[in-house]
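J.: Sharing final06.txt here; it has compact mmCIF, C-alpha atoms and all ligand atoms.
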```txt
# COMPACT_ATOMS: atom_id res chain seq x y z
CA MET A 255 137.33 61.48 127.91
CA LYS A 256 135.90 64.47 129.70
CA ASP A 257 132.18 65.04 129.41
CA ARG A 258 131.25 67.98 127.24
CA ARG A 259 129.98 70.70 129.54
CA PRO A 260 126.38 71.53 128.51
CA HIS A 261 125.71 75.01 127.24
CA TRP A 262 123.60 77.10 129.66
CA SER A 263 120.69 77.03 127.29
CA GLU A 264 120.78 73.25 127.42
CA ARG A 265 120.85 73.15 131.20
CA LEU A 266 117.47 74.92 131.33
CA LYS A 267 114.55 72.55 131.04
CA VAL A 268 111.70 72.96 128.60
CA THR A 269 108.40 72.24 130.30
CA LEU A 270 104.78 72.85 129.48
CA TRP A 271 105.26 76.20 131.23
CA THR A 272 108.10 77.37 129.05
CA LEU A 273 106.14 76.14 126.05
CA ILE A 274 103.56 78.89 126.54
CA VAL A 275 106.13 81.66 126.97
CA PRO A 276 106.17 82.83 123.30
CA PRO A 277 102.36 82.93 122.86
CA THR A 278 102.06 84.67 126.23
CA ILE A 279 104.49 87.37 125.12
CA TRP A 280 102.48 87.69 121.92
CA ALA A 281 99.26 88.09 123.93
CA GLY A 282 100.95 90.59 126.23
CA HIS A 283 102.19 92.60 123.27
CA PHE A 284 98.70 92.55 121.78
CA LEU A 285 97.25 93.98 124.98
CA PHE A 286 100.10 96.47 125.19
CA SER A 287 99.35 97.71 121.63
CA TYR A 288 95.74 98.43 122.49
CA LEU A 289 96.59 100.07 125.79
CA TRP A 290 99.33 102.12 124.24
CA ALA A 291 97.08 103.38 121.40
CA ALA A 292 94.21 104.13 123.79
CA VAL A 293 96.36 105.91 126.36
CA SER A 294 98.37 107.96 123.87
CA CYS A 295 95.20 108.99 122.01
CA ALA A 296 93.39 109.89 125.23
CA LYS A 297 96.30 111.72 126.89
CA ALA A 298 97.91 113.39 123.91
CA GLY A 299 94.70 113.68 121.85
CA ALA A 300 96.63 112.60 118.81
CA PHE A 301 98.77 109.81 117.55
CA ALA A 302 102.42 110.18 118.54
CA THR A 303 104.51 111.34 115.59
CA PHE A 304 107.08 108.73 116.43
CA PRO A 305 105.75 105.92 118.61
CA THR A 306 108.95 105.41 120.63
CA LEU A 307 107.42 103.48 123.50
CA PHE A 308 105.53 101.26 121.11
CA VAL A 309 108.60 100.47 119.04
CA VAL A 310 110.60 99.71 122.20
CA GLY A 311 107.86 97.39 123.48
CA THR A 312 107.62 95.64 120.13
CA VAL A 313 111.36 95.14 119.78
CA LEU A 314 111.50 93.84 123.36
CA ALA A 315 108.72 91.34 122.65
CA LEU A 316 110.47 90.19 119.46
CA ILE A 317 113.79 89.73 121.29
CA LEU A 318 112.18 87.72 124.08
CA ILE A 319 110.35 85.49 121.62
CA ALA A 320 113.49 84.99 119.55
CA LEU A 321 115.41 84.14 122.71
CA SER A 322 112.92 81.49 123.83
CA GLY A 323 112.91 80.14 120.27
CA TRP A 324 116.69 79.90 120.30
CA ILE A 325 116.74 78.12 123.68
CA ALA A 326 114.12 75.70 122.39
CA TRP A 327 116.18 75.13 119.26
CA ASN A 328 119.21 74.19 121.35
CA GLN A 329 117.20 71.96 123.65
CA GLY A 330 115.72 70.16 120.69
CA ARG A 331 119.21 69.18 119.61
CA ILE A 332 120.44 67.70 122.89
CA PRO A 333 121.95 64.36 121.92
CA GLY A 334 120.07 61.35 123.16
CA ALA A 335 118.20 58.40 121.80
CA SER A 336 118.17 57.80 118.07
CA PRO A 337 115.28 58.87 115.90
CA PRO A 338 112.34 58.66 115.63
CA HIS A 339 111.92 60.58 118.87
CA GLU A 340 108.51 59.33 119.81
CA ASP A 341 108.97 57.15 122.85
CA ALA A 342 107.77 57.84 126.38
CA THR A 343 111.25 58.73 127.58
CA ASP A 344 112.48 61.92 129.20
CA ILE A 345 114.71 62.86 126.32
CA ASP A 346 112.05 62.30 123.66
CA ARG A 347 109.53 64.25 125.70
CA GLN A 348 112.00 67.09 125.98
CA ARG A 349 112.72 67.09 122.27
CA PHE A 350 108.99 67.16 121.53
CA LEU A 351 108.39 70.08 123.88
CA ALA A 352 111.39 71.90 122.48
CA LYS A 353 110.22 71.50 118.89
CA SER A 354 106.71 72.67 119.80
CA THR A 355 108.10 75.69 121.60
CA LEU A 356 110.21 76.55 118.59
CA LEU A 357 107.22 76.38 116.26
CA LEU A 358 105.14 78.48 118.64
CA ALA A 359 107.97 81.00 118.85
CA CYS A 360 107.99 81.31 115.03
CA LEU A 361 104.22 81.84 115.00
CA SER A 362 104.35 84.36 117.85
CA PHE A 363 107.16 86.28 116.17
CA VAL A 364 105.10 86.72 113.02
CA GLY A 365 102.02 87.44 115.15
CA VAL A 366 103.76 90.32 116.93
CA LEU A 367 104.95 91.72 113.61
CA PHE A 368 101.44 91.55 112.15
CA THR A 369 100.01 93.24 115.22
CA SER A 370 102.42 96.14 115.08
CA LEU A 371 102.27 96.86 111.33
CA PRO A 372 98.82 98.53 111.47
CA VAL A 373 100.00 100.81 114.29
CA ILE A 374 102.99 101.93 112.24
CA PHE A 375 100.85 102.34 109.12
CA LEU A 376 97.56 103.83 110.26
CA ARG A 377 98.65 106.45 112.82
CA ASP A 378 95.16 107.55 113.56
CA CYS A 379 93.02 108.08 116.63
CA LEU A 380 89.38 107.31 115.95
CA MET B 128 70.05 69.38 85.89
CA ALA B 129 73.40 70.57 87.23
CA ARG B 130 73.79 72.78 84.19
CA ALA B 131 70.34 74.27 84.71
CA CYS B 132 71.20 74.98 88.35
CA THR B 133 74.45 76.69 87.41
CA LEU B 134 72.62 78.77 84.84
CA ILE B 135 69.92 79.81 87.30
CA ILE B 136 72.47 80.74 89.96
CA ALA B 137 74.53 82.68 87.40
CA LEU B 138 71.42 84.53 86.26
CA LEU B 139 70.45 85.32 89.86
CA CYS B 140 73.93 86.69 90.48
CA LEU B 141 73.80 88.72 87.30
CA SER B 142 70.51 90.25 88.40
CA GLY B 143 72.52 91.87 91.19
CA CYS B 144 74.58 93.79 88.66
CA ASN B 145 73.79 97.46 88.47
CA ALA B 146 75.61 100.72 88.05
CA GLN B 147 74.05 102.62 90.98
CA GLN B 148 74.75 100.50 94.01
CA SER B 149 77.74 98.28 93.51
CA THR B 150 81.23 98.00 94.88
CA LEU B 151 82.30 97.16 91.36
CA SER B 152 80.88 100.28 89.73
CA VAL B 153 82.97 102.82 91.59
CA PHE B 154 82.83 106.61 91.54
CA GLY B 155 85.01 107.39 94.56
CA ALA B 156 88.70 107.09 95.38
CA ASP B 157 88.27 104.78 98.38
CA ALA B 158 85.91 102.42 96.58
CA ARG B 159 88.47 102.22 93.78
CA ASP B 160 91.12 101.08 96.27
CA ILE B 161 88.72 98.56 97.77
CA ARG B 162 87.84 97.18 94.35
CA HIS B 163 91.52 96.86 93.52
CA ILE B 164 92.15 94.89 96.70
CA ALA B 165 89.12 92.69 96.03
CA ILE B 166 90.35 91.85 92.52
CA VAL B 167 93.90 91.11 93.69
CA LEU B 168 92.60 88.88 96.50
CA THR B 169 90.18 87.01 94.24
CA VAL B 170 92.70 86.38 91.48
CA GLY B 171 95.34 85.41 94.05
CA ALA B 172 92.98 83.01 95.78
CA VAL B 173 92.09 81.34 92.48
CA VAL B 174 95.76 80.95 91.54
CA ILE B 175 96.63 79.49 94.96
CA LEU B 176 93.66 77.14 94.79
CA ALA B 177 94.75 75.96 91.33
CA ILE B 178 98.33 75.35 92.49
CA THR B 179 97.35 73.45 95.63
CA THR B 180 94.82 71.38 93.69
CA MET B 181 97.50 70.45 91.17
CA LEU B 182 99.94 69.49 93.95
CA TYR B 183 97.23 67.47 95.63
CA ILE B 184 96.29 65.57 92.48
CA ARG B 185 99.95 64.88 91.76
CA ALA B 186 100.55 63.55 95.25
CA VAL B 187 97.48 61.34 95.17
CA ARG B 188 98.25 59.94 91.72
CA ALA B 189 101.95 59.33 92.35
CA PRO B 190 102.86 55.63 92.45
CA GLU B 191 103.66 54.25 95.90
CA HIS B 192 107.16 55.03 97.28
CA SER B 193 107.91 57.36 94.41
CA LEU B 194 107.76 60.48 96.63
CA ASP B 195 110.68 61.40 98.83
CA HIS B 196 109.82 61.99 102.51
CA HIS B 197 112.48 64.61 102.96
CA GLN B 198 111.37 66.56 99.95
CA GLY B 199 107.80 66.37 101.16
CA MET B 200 108.73 67.84 104.52
CA ARG B 201 110.66 70.59 102.85
CA MET B 202 107.67 71.38 100.70
CA ILE B 203 105.44 71.61 103.79
CA LEU B 204 107.91 74.04 105.32
CA TRP B 205 108.05 76.27 102.24
CA VAL B 206 104.60 75.98 100.72
CA GLY B 207 102.79 75.48 104.00
CA ALA B 208 104.55 77.86 106.38
CA ILE B 209 107.11 80.25 104.95
CA GLY B 210 105.24 80.94 101.70
CA PRO B 211 101.90 81.83 103.34
CA THR B 212 103.69 84.00 105.92
CA LEU B 213 105.42 85.97 103.19
CA ILE B 214 102.23 86.26 101.13
CA LEU B 215 100.21 87.42 104.13
CA THR B 216 102.88 89.95 105.06
CA ALA B 217 102.89 91.29 101.52
CA LEU B 218 99.08 91.51 101.47
CA LEU B 219 99.05 93.28 104.83
CA LEU B 220 101.58 95.84 103.63
CA TYR B 221 99.64 96.31 100.40
CA ALA B 222 96.19 96.66 102.00
CA LEU B 223 97.00 98.72 105.10
CA PRO B 224 97.52 102.06 103.33
CA ALA B 225 93.97 101.82 101.98
CA MET B 226 92.70 101.84 105.58
CA ARG B 227 94.40 105.12 106.34
CA PRO B 228 91.71 107.77 106.70
CA ARG B 229 91.77 110.44 104.01
CA PRO B 230 92.93 113.79 105.42
CA ALA B 231 90.28 116.49 105.82
CA SER B 232 90.72 120.16 106.60
CA ALA B 233 88.52 122.84 108.11
CA ALA B 234 87.93 124.18 104.60
CA ASP B 235 86.09 121.05 103.47
CA LEU B 236 82.34 120.68 103.14
CA VAL B 237 80.86 118.82 106.10
CA ILE B 238 77.70 116.79 105.60
CA ARG B 239 76.06 115.54 108.76
CA VAL B 240 73.91 112.47 108.17
CA GLU B 241 71.78 110.87 110.83
CA GLY B 242 70.18 107.48 110.47
CA GLU B 243 66.62 107.21 111.79
CA GLN B 244 64.09 104.43 111.50
CA PHE B 245 63.85 104.34 108.41
CA TRP B 246 65.19 107.40 106.66
CA TRP B 247 68.20 109.74 106.54
CA ARG B 248 68.44 113.23 107.98
CA VAL B 249 70.96 115.28 106.00
CA ALA B 250 72.54 118.66 106.86
CA TYR B 251 75.11 120.37 104.61
CA ARG B 252 77.58 122.57 106.47
CA PRO B 253 79.87 124.41 104.03
CA PRO B 254 82.82 125.98 105.88
CA SER B 255 81.72 129.52 105.01
CA GLU B 256 78.13 129.24 106.24
CA ALA B 257 76.81 129.50 109.77
CA THR B 258 73.46 127.74 109.30
CA PRO B 259 73.28 124.25 107.84
CA LEU B 260 71.17 123.41 104.80
CA LEU B 261 68.65 120.71 105.71
CA SER B 262 67.61 117.91 103.43
CA ALA B 263 66.71 114.23 103.61
CA ASN B 264 67.09 110.92 101.82
CA GLU B 265 69.35 112.38 99.17
CA ILE B 266 73.00 113.38 99.27
CA ARG B 267 74.68 115.58 96.70
CA LEU B 268 78.45 115.61 96.38
CA PRO B 269 80.83 117.87 94.48
CA VAL B 270 83.14 115.77 92.30
CA GLY B 271 86.85 116.19 93.00
CA ARG B 272 86.44 117.81 96.41
CA THR B 273 87.06 116.23 99.76
CA VAL B 274 83.87 115.86 101.78
CA LEU B 275 83.67 115.00 105.46
CA PHE B 276 80.65 112.99 106.59
CA GLU B 277 79.74 113.26 110.24
CA LEU B 278 77.61 110.24 110.94
CA GLY B 279 75.25 109.78 113.84
CA ALA B 280 71.96 108.12 114.75
CA THR B 281 68.99 109.04 116.91
CA ASP B 282 67.37 105.72 117.74
CA VAL B 283 69.26 102.50 117.01
CA ILE B 284 72.50 101.62 115.26
CA HIS B 285 72.45 102.08 111.48
CA SER B 286 75.27 101.83 109.00
CA PHE B 287 76.00 104.28 106.24
CA TRP B 288 77.13 102.67 103.02
CA ILE B 289 77.57 104.10 99.54
CA PRO B 290 79.17 101.06 97.88
CA GLY B 291 80.44 102.97 94.85
CA LEU B 292 82.05 105.69 96.98
CA ALA B 293 83.71 104.21 100.08
CA GLY B 294 83.51 101.54 102.76
CA LYS B 295 80.71 101.38 105.30
CA MET B 296 80.66 103.26 108.58
CA ASP B 297 78.39 102.57 111.53
CA MET B 298 76.03 105.24 112.81
CA ILE B 299 75.84 104.92 116.57
CA PRO B 300 73.46 106.90 118.80
CA GLY B 301 75.39 109.36 120.98
CA ARG B 302 78.55 109.15 118.93
CA THR B 303 79.83 110.91 115.83
CA ASN B 304 81.80 108.84 113.37
CA ARG B 305 83.76 110.54 110.64
CA LEU B 306 84.09 109.35 107.09
CA VAL B 307 86.14 111.36 104.61
CA VAL B 308 85.39 110.74 100.95
CA LYS B 309 86.15 112.04 97.51
CA ALA B 310 83.82 111.47 94.57
CA GLU B 311 85.58 111.20 91.23
CA LYS B 312 82.87 110.69 88.64
CA PRO B 313 79.59 112.57 88.27
CA GLY B 314 76.45 110.48 88.18
CA ARG B 315 73.50 109.12 90.09
CA TYR B 316 74.17 106.45 92.65
CA ARG B 317 72.60 104.89 95.68
CA GLY B 318 73.46 104.23 99.30
CA VAL B 319 71.86 101.89 101.82
CA CYS B 320 71.60 101.13 105.50
CA ALA B 321 73.96 98.22 106.16
CA GLU B 322 73.07 97.38 109.75
CA PHE B 323 69.75 95.74 110.62
CA CYS B 324 67.73 98.45 112.32
CA GLY B 325 64.13 97.31 112.39
CA LEU B 326 61.18 96.21 110.27
CA SER B 327 61.92 98.40 107.27
CA HIS B 328 65.68 98.14 107.41
CA ALA B 329 65.76 96.81 103.85
CA LEU B 330 63.66 99.80 102.76
CA MET B 331 66.11 102.39 104.03
CA ALA B 332 68.15 103.67 101.12
CA PHE B 333 69.03 107.04 99.64
CA ASP B 334 70.04 108.68 96.40
CA VAL B 335 73.54 109.96 95.86
CA ILE B 336 74.12 112.55 93.19
CA ALA B 337 77.71 113.38 92.34
CA MET B 338 77.85 116.72 90.52
CA GLU B 339 80.46 118.85 88.84
CA PRO B 340 81.70 121.36 91.45
CA ALA B 341 80.23 124.38 89.64
CA ALA B 342 76.82 122.72 89.31
CA PHE B 343 76.99 121.73 92.96
CA ASP B 344 77.74 125.28 94.05
CA THR B 345 74.82 126.59 91.98
CA TRP B 346 72.53 123.96 93.44
CA MET B 347 73.63 124.81 96.96
CA ALA B 348 73.22 128.55 96.42
CA ASP B 349 69.74 128.02 94.96
CA ALA B 350 68.71 125.79 97.83
CA ARG B 351 69.92 128.34 100.36
CA ALA B 352 68.28 131.24 98.58
CA ILE B 353 64.71 129.95 98.99
CA GLY B 354 62.82 132.96 100.36
CA PRO B 355 59.33 133.04 101.82
CA ILE B 356 56.97 131.19 99.47
CA PRO B 357 53.92 133.42 98.76
CA ALA B 358 50.93 131.97 100.56
CA VAL B 359 48.91 131.23 97.43
CA ALA B 360 46.00 129.17 98.62
CA THR B 361 46.11 125.92 96.69
CA PRO B 362 44.02 122.99 97.89
CA GLY B 363 47.20 120.97 98.48
CA ARG B 364 48.81 123.63 100.60
CA ALA B 365 45.62 124.18 102.59
CA LEU B 366 45.39 120.44 103.32
CA PHE B 367 49.08 120.22 104.26
CA ASP B 368 48.59 123.12 106.69
CA ALA B 369 45.33 121.78 108.09
CA GLN B 370 46.44 118.17 108.60
CA GLY B 371 49.35 119.21 110.78
CA CYS B 372 52.01 117.70 108.51
CA GLY B 373 54.20 120.66 109.43
CA ALA B 374 54.52 119.43 113.00
CA CYS B 375 56.89 116.81 111.67
CA HIS B 376 58.00 118.11 108.28
CA GLY B 377 59.90 121.31 107.64
CA VAL B 378 59.38 123.26 104.42
CA ARG B 379 61.68 126.24 103.92
CA GLY B 380 59.84 129.41 102.97
CA THR B 381 56.70 128.41 104.93
CA PRO B 382 55.99 128.54 108.65
CA HIS B 383 56.48 124.77 108.82
CA ALA B 384 59.68 123.87 110.57
CA GLY B 385 59.03 120.41 112.01
CA THR B 386 62.11 118.28 112.46
CA ILE B 387 60.64 114.91 113.44
CA GLY B 388 60.33 113.67 109.85
CA PRO B 389 62.27 114.32 106.63
CA ASP B 390 62.67 117.90 105.48
CA LEU B 391 60.42 118.43 102.44
CA SER B 392 61.91 121.66 101.01
CA ARG B 393 62.79 120.91 97.39
CA PHE B 394 60.99 117.60 97.62
CA GLY B 395 60.08 118.08 93.95
CA GLU B 396 63.63 117.44 92.80
CA ARG B 397 63.98 114.16 94.69
CA ARG B 398 64.42 111.09 92.57
CA THR B 399 62.74 108.71 94.98
CA LEU B 400 60.06 108.64 97.65
CA GLY B 401 60.20 107.11 101.12
CA ALA B 402 64.00 106.80 101.47
CA GLY B 403 64.89 105.38 98.10
CA ILE B 404 62.06 102.90 97.67
CA LEU B 405 59.44 104.30 95.27
CA PRO B 406 59.39 106.49 92.17
CA PRO B 407 58.00 109.87 93.30
CA THR B 408 54.91 109.90 91.12
CA ILE B 409 51.81 111.81 92.24
CA ASP B 410 49.94 108.55 92.84
CA ASN B 411 52.76 106.95 94.81
CA ILE B 412 53.09 110.03 97.00
CA ALA B 413 49.34 110.17 97.58
CA THR B 414 49.20 106.48 98.49
CA PHE B 415 52.20 106.87 100.77
CA ILE B 416 50.62 109.79 102.62
CA ARG B 417 47.37 107.88 103.20
CA ALA B 418 48.99 104.61 104.28
CA PRO B 419 52.78 104.83 104.68
CA GLN B 420 52.92 101.52 106.59
CA ALA B 421 51.63 99.74 103.48
CA SER B 422 54.92 100.41 101.71
CA LYS B 423 57.12 100.62 104.83
CA PRO B 424 56.21 98.35 107.75
CA GLY B 425 56.95 100.00 111.11
CA VAL B 426 57.23 103.46 109.55
CA ARG B 427 57.26 106.39 112.01
CA MET B 428 54.73 108.46 110.06
CA PRO B 429 51.04 108.21 110.96
CA ALA B 430 48.56 107.06 108.31
CA TYR B 431 45.98 109.52 106.97
CA PRO B 432 43.05 107.25 106.01
CA GLN B 433 40.67 110.18 106.47
CA LEU B 434 42.13 111.83 103.36
CA SER B 435 40.61 110.80 100.06
CA GLN B 436 42.97 109.79 97.27
CA GLU B 437 42.03 113.07 95.53
CA GLU B 438 42.97 115.13 98.57
CA ALA B 439 46.21 113.22 98.99
CA ARG B 440 46.98 113.81 95.32
CA ALA B 441 46.45 117.52 95.87
CA ILE B 442 49.05 117.44 98.67
CA ALA B 443 51.35 115.47 96.40
CA HIS B 444 51.03 118.15 93.70
CA TYR B 445 51.85 120.78 96.28
CA LEU B 446 54.93 118.87 97.47
CA LYS B 447 56.09 118.14 93.92
CA GLY B 448 56.03 121.90 93.35
CA MET B 449 58.84 122.38 95.90
CA ARG B 450 61.98 122.69 93.89
CU CU C 1 68.93 101.64 109.25
```
Show me the file's structure as structure tokens.
T.:
Amino acid sequence: MKDRRPHWSERLKVTLWTLIVPPTIWAGHFLFSYLWAAVSCAKAGAFATFPTLFVVGTVLALILIALSGWIAWNQGRIPGASPPHEDATDIDRQRFLAKSTLLLACLSFVGVLFTSLPVIFLRDCL
Amino acid sequence: MARACTLIIALLCLSGCNAQQSTLSVFGADARDIRHIAIVLTVGAVVILAITTMLYIRAVRAPEHSLDHHQGMRMILWVGAIGPTLILTALLLYALPAMRPRPASAADLVIRVEGEQFWWRVAYRPPSEATPLLSANEIRLPVGRTVLFELGATDVIHSFWIPGLAGKMDMIPGRTNRLVVKAEKPGRYRGVCAEFCGLSHALMAFDVIAMEPAAFDTWMADARAIGPIPAVATPGRALFDAQGCGACHGVRGTPHAGTIGPDLSRFGERRTLGAGILPPTIDNIATFIRAPQASKPGVRMPAYPQLSQEEARAIAHYLKGMR
């Protein structure tokens, strides 16, 4: 029987570094929101009628977070030892990191949404 | 014992109830929104607390092995993660519009208020007038009209808060903050300083009088129309002139135009003395003039111990006559 060829998202490796990707995007988006509001208020003197750049940045952040969440989801399902996955083995470690990344991705996704809602709603330079 | 404690705490809380200075007794559109949010949040929190307590009691009381692990995990996912996310999103969407500043136009009345240790400098700037109308420690508002507050400070940071009208806004030296409000119900209310600003911070309040628009216009026209006050020599006036009070206090219609302390034109119609702290009786005013620090520690007005109570009362009569 031929080995099943692993999907590309399974060939990547979750590590502690990839674990912090979603929260880092969230933090970056947070900073971006403040910078964007400050710069557009200072340069244009008023809130943009349609915040194109901001929407693009937000959608980009959401896509990146969703992507890392999806990769983590796939990695967490790589077949290996039987449950419970709590031994000090490579595969269990990977599954743990993958699950944590997925949860962080969910949190970061909601975090980015909550950060951008006030911008869309308030539209005010103070 | 426990019951007595509950009763005492309840009574203490009730003593905070009043109609002048309360976020619950609203007379402005923004305060009404804020109260609505507060009620929704409180009721929601109580309901959520009741539900989680019930779930908790059920889980603790359940006989061993009677709860399904899978079902438990699913409940954590829904009640612990997805549910709160949806509720928080809904609350965010519901509360955000209330934070949107009210629109103001160039045709609206502007009232500039400056916080100073420990009183309020007030200047009305109607759109049609070039010179502002000065006042202090009292703010009058026309009901139903949009009013723009320009808030500043001269010494330290203060915070301008009329709980029944709108949320608080900081007053920061060197910066003008804008607060747009709309009063909806005539009446007498109170505002306070909501940022610790020195010894008499807690004694820095002001009266707010919401008036029907027509009455407000009449009041404003009357206040503007004050002409020169004939220099009838009363003992109070002579003392006021001689003691140099005018170096700090302005009185329209007299040569006194000091701007260091509160403007005293129309002082006679004020409802309180010393920035909302004392009833403006002749005796209170006289005592305040002789020893202001006795009722306001750290006050920026010098004491006049050299005046007798009789002389101070004479000044008080003179000031009460300004209306
Ligand atoms: Cu203050």
J.: How many Å lie between atom CA of Pro300 of chain B and atom CA of Arg317 of chain B, rounded to one decimal?
T.: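 It comes out at 23.2 Å.
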J.: Select from chain B every residue with an atom at most 10 Å from any atom of ligand CU 1 (chain C), then for each give the shortest pair of atoms and their distance in Å to one decimal, using all atoms listed in the file, rows by chain and rising number, as CSV.
T.:
```
residue,atom,partner,partner_atom,distance
B:Glu241,CA,C:CU1,CU,9.8
B:Gly242,CA,C:CU1,CU,6.1
B:Glu243,CA,C:CU1,CU,6.5
B:Gln244,CA,C:CU1,CU,6.0
B:Phe245,CA,C:CU1,CU,5.8
B:Trp246,CA,C:CU1,CU,7.3
B:Trp247,CA,C:CU1,CU,8.6
B:Ala280,CA,C:CU1,CU,9.0
B:Asp282,CA,C:CU1,CU,9.5
B:Val283,CA,C:CU1,CU,7.8
B:Ile284,CA,C:CU1,CU,7.0
B:His285,CA,C:CU1,CU,4.2
B:Ser286,CA,C:CU1,CU,6.3
B:Phe287,CA,C:CU1,CU,8.1
B:Asp297,CA,C:CU1,CU,9.8
B:Met298,CA,C:CU1,CU,8.7
B:Val319,CA,C:CU1,CU,8.0
B:Cys320,CA,C:CU1,CU,4.6
B:Ala321,CA,C:CU1,CU,6.8
B:Glu322,CA,C:CU1,CU,6.0
B:Phe323,CA,C:CU1,CU,6.1
B:Cys324,CA,C:CU1,CU,4.6
B:Gly325,CA,C:CU1,CU,7.2
B:Leu326,CA,C:CU1,CU,9.5
B:Ser327,CA,C:CU1,CU,8.0
B:His328,CA,C:CU1,CU,5.1
B:Ala329,CA,C:CU1,CU,7.9
B:Leu330,CA,C:CU1,CU,8.6
B:Met331,CA,C:CU1,CU,6.0
B:Ala332,CA,C:CU1,CU,8.4
```
J.: Work out how far apart atom CA of Leu273 of chain A and atom CA of Ser322 of chain A are and give it in Å to one decimal.
T.: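 Computing the Euclidean distance for atom CA of Leu273 of chain A and atom CA of Ser322 of chain A yields 8.9 Å.
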J.: Compile the residues of chain B that lie within 9 Å of chain A, evaluated using all atoms listed in the file, and express the compilation as a list of chain:residue names.
T.: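 Interface list for chain B against chain A: B:Thr212, B:Thr216, B:Leu219, B:Leu220, B:Leu223, B:Pro224, B:Met226, B:Arg227, B:Pro228, B:Asn304, B:Arg305.
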J.: Which residue gives the smallest distance to Ala233 of chain B among B:Gly395, B:Gly385, B:Gly377, B:Pro254, with all atoms listed in the file counted?
T.: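 Of all the options, B:Pro254 lies closest to Ala233 of chain B.
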J.: Within 12 Å of (111.7, 92.9, 116.1) (file coordinates; all atoms listed in the file), which protein or nucleic acid residues are there? I'd like them as an mmCIF file with C-alpha atoms, in the frame of the given file.
T.:
```cif
data_model
loop_
_atom_site.group_PDB
_atom_site.id
_atom_site.type_symbol
_atom_site.label_atom_id
_atom_site.label_comp_id
_atom_site.auth_asym_id
_atom_site.auth_seq_id
_atom_site.Cartn_x
_atom_site.Cartn_y
_atom_site.Cartn_z
ATOM 1 C CA HIS A 283 102.190 92.600 123.270
ATOM 2 C CA PHE A 308 105.530 101.260 121.110
ATOM 3 C CA VAL A 309 108.600 100.470 119.040
ATOM 4 C CA VAL A 310 110.600 99.710 122.200
ATOM 5 C CA GLY A 311 107.860 97.390 123.480
ATOM 6 C CA THR A 312 107.620 95.640 120.130
ATOM 7 C CA VAL A 313 111.360 95.140 119.780
ATOM 8 C CA LEU A 314 111.500 93.840 123.360
ATOM 9 C CA ALA A 315 108.720 91.340 122.650
ATOM 10 C CA LEU A 316 110.470 90.190 119.460
ATOM 11 C CA ILE A 317 113.790 89.730 121.290
ATOM 12 C CA LEU A 318 112.180 87.720 124.080
ATOM 13 C CA ILE A 319 110.350 85.490 121.620
ATOM 14 C CA ALA A 320 113.490 84.990 119.550
ATOM 15 C CA LEU A 321 115.410 84.140 122.710
ATOM 16 C CA SER A 362 104.350 84.360 117.850
ATOM 17 C CA PHE A 363 107.160 86.280 116.170
ATOM 18 C CA VAL A 364 105.100 86.720 113.020
ATOM 19 C CA GLY A 365 102.020 87.440 115.150
ATOM 20 C CA VAL A 366 103.760 90.320 116.930
ATOM 21 C CA LEU A 367 104.950 91.720 113.610
ATOM 22 C CA PHE A 368 101.440 91.550 112.150
ATOM 23 C CA THR A 369 100.010 93.240 115.220
ATOM 24 C CA SER A 370 102.420 96.140 115.080
ATOM 25 C CA LEU A 371 102.270 96.860 111.330
#
```
J.: Could you pull out every residue with an atom within 9 Å of (66.8, 109.4, 93.0), file coordinates, counting only C-alpha atoms, and send them as a ChimeraX atom specification?
T.: /B:264-265,315-317,333-336,396-400,403,406-407
J.: What is the distance between atom CA of Ile345 of chain A and atom CA of Leu358 of chain A, in Å to one decimal?
T.: 19.9 Å
J.: Can you pull out the residues contacting Pro432 of chain B? Cut-off 12 Å, using all atoms listed in the file, and skip same-chain residues under 4 positions away; I want them as a PyMOL selection string.
T.: chain B and resi 370+413-421+436+438-439
J.: Emit the selected residues as a PDB file, in the frame of the given file, including C-alpha atoms.
T.:
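Contents of again_26.pdb, as written:
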```pdb
ATOM      1  CA  GLN B 370      46.440 118.170 108.600  1.00  0.00           C
ATOM      2  CA  ALA B 413      49.340 110.170  97.580  1.00  0.00           C
ATOM      3  CA  THR B 414      49.200 106.480  98.490  1.00  0.00           C
ATOM      4  CA  PHE B 415      52.200 106.870 100.770  1.00  0.00           C
ATOM      5  CA  ILE B 416      50.620 109.790 102.620  1.00  0.00           C
ATOM      6  CA  ARG B 417      47.370 107.880 103.200  1.00  0.00           C
ATOM      7  CA  ALA B 418      48.990 104.610 104.280  1.00  0.00           C
ATOM      8  CA  PRO B 419      52.780 104.830 104.680  1.00  0.00           C
ATOM      9  CA  GLN B 420      52.920 101.520 106.590  1.00  0.00           C
ATOM     10  CA  ALA B 421      51.630  99.740 103.480  1.00  0.00           C
ATOM     11  CA  GLN B 436      42.970 109.790  97.270  1.00  0.00           C
ATOM     12  CA  GLU B 438      42.970 115.130  98.570  1.00  0.00           C
ATOM     13  CA  ALA B 439      46.210 113.220  98.990  1.00  0.00           C
TER      14      ALA B 439
END
```
J.: Could you check the closest approach to Ala369 of chain B for each of B:Pro230, B:Leu434, B:Arg188, B:Ser255 and tell me which residue wins, using all atoms listed in the file?
T.: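 Looking at the shortest contact to Ala369 of chain B, the residue is B:Leu434.
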J.: Restricting the calculation to all atoms listed in the file, which member of B:Arg248, B:Ile209, B:Ala348, B:Ser262 is positioned closest to Leu391 of chain B?
T.: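 Of all the options, B:Ser262 lies closest to Leu391 of chain B.
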J.: Contacts of segment 159-167 of chain B at 9 Å or less, counting all atoms listed in the file, minus same-chain residues fewer than 4 places along, as a list in words?
T.: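 Listed by chain and then number, they are Thr150, Leu151, Ser152, Val153, Phe154, Gly155, Gly171, Ala172, Tyr221, Ala222, Ala225, Gly291, Leu292, Ala293 and Gly294 of chain B.
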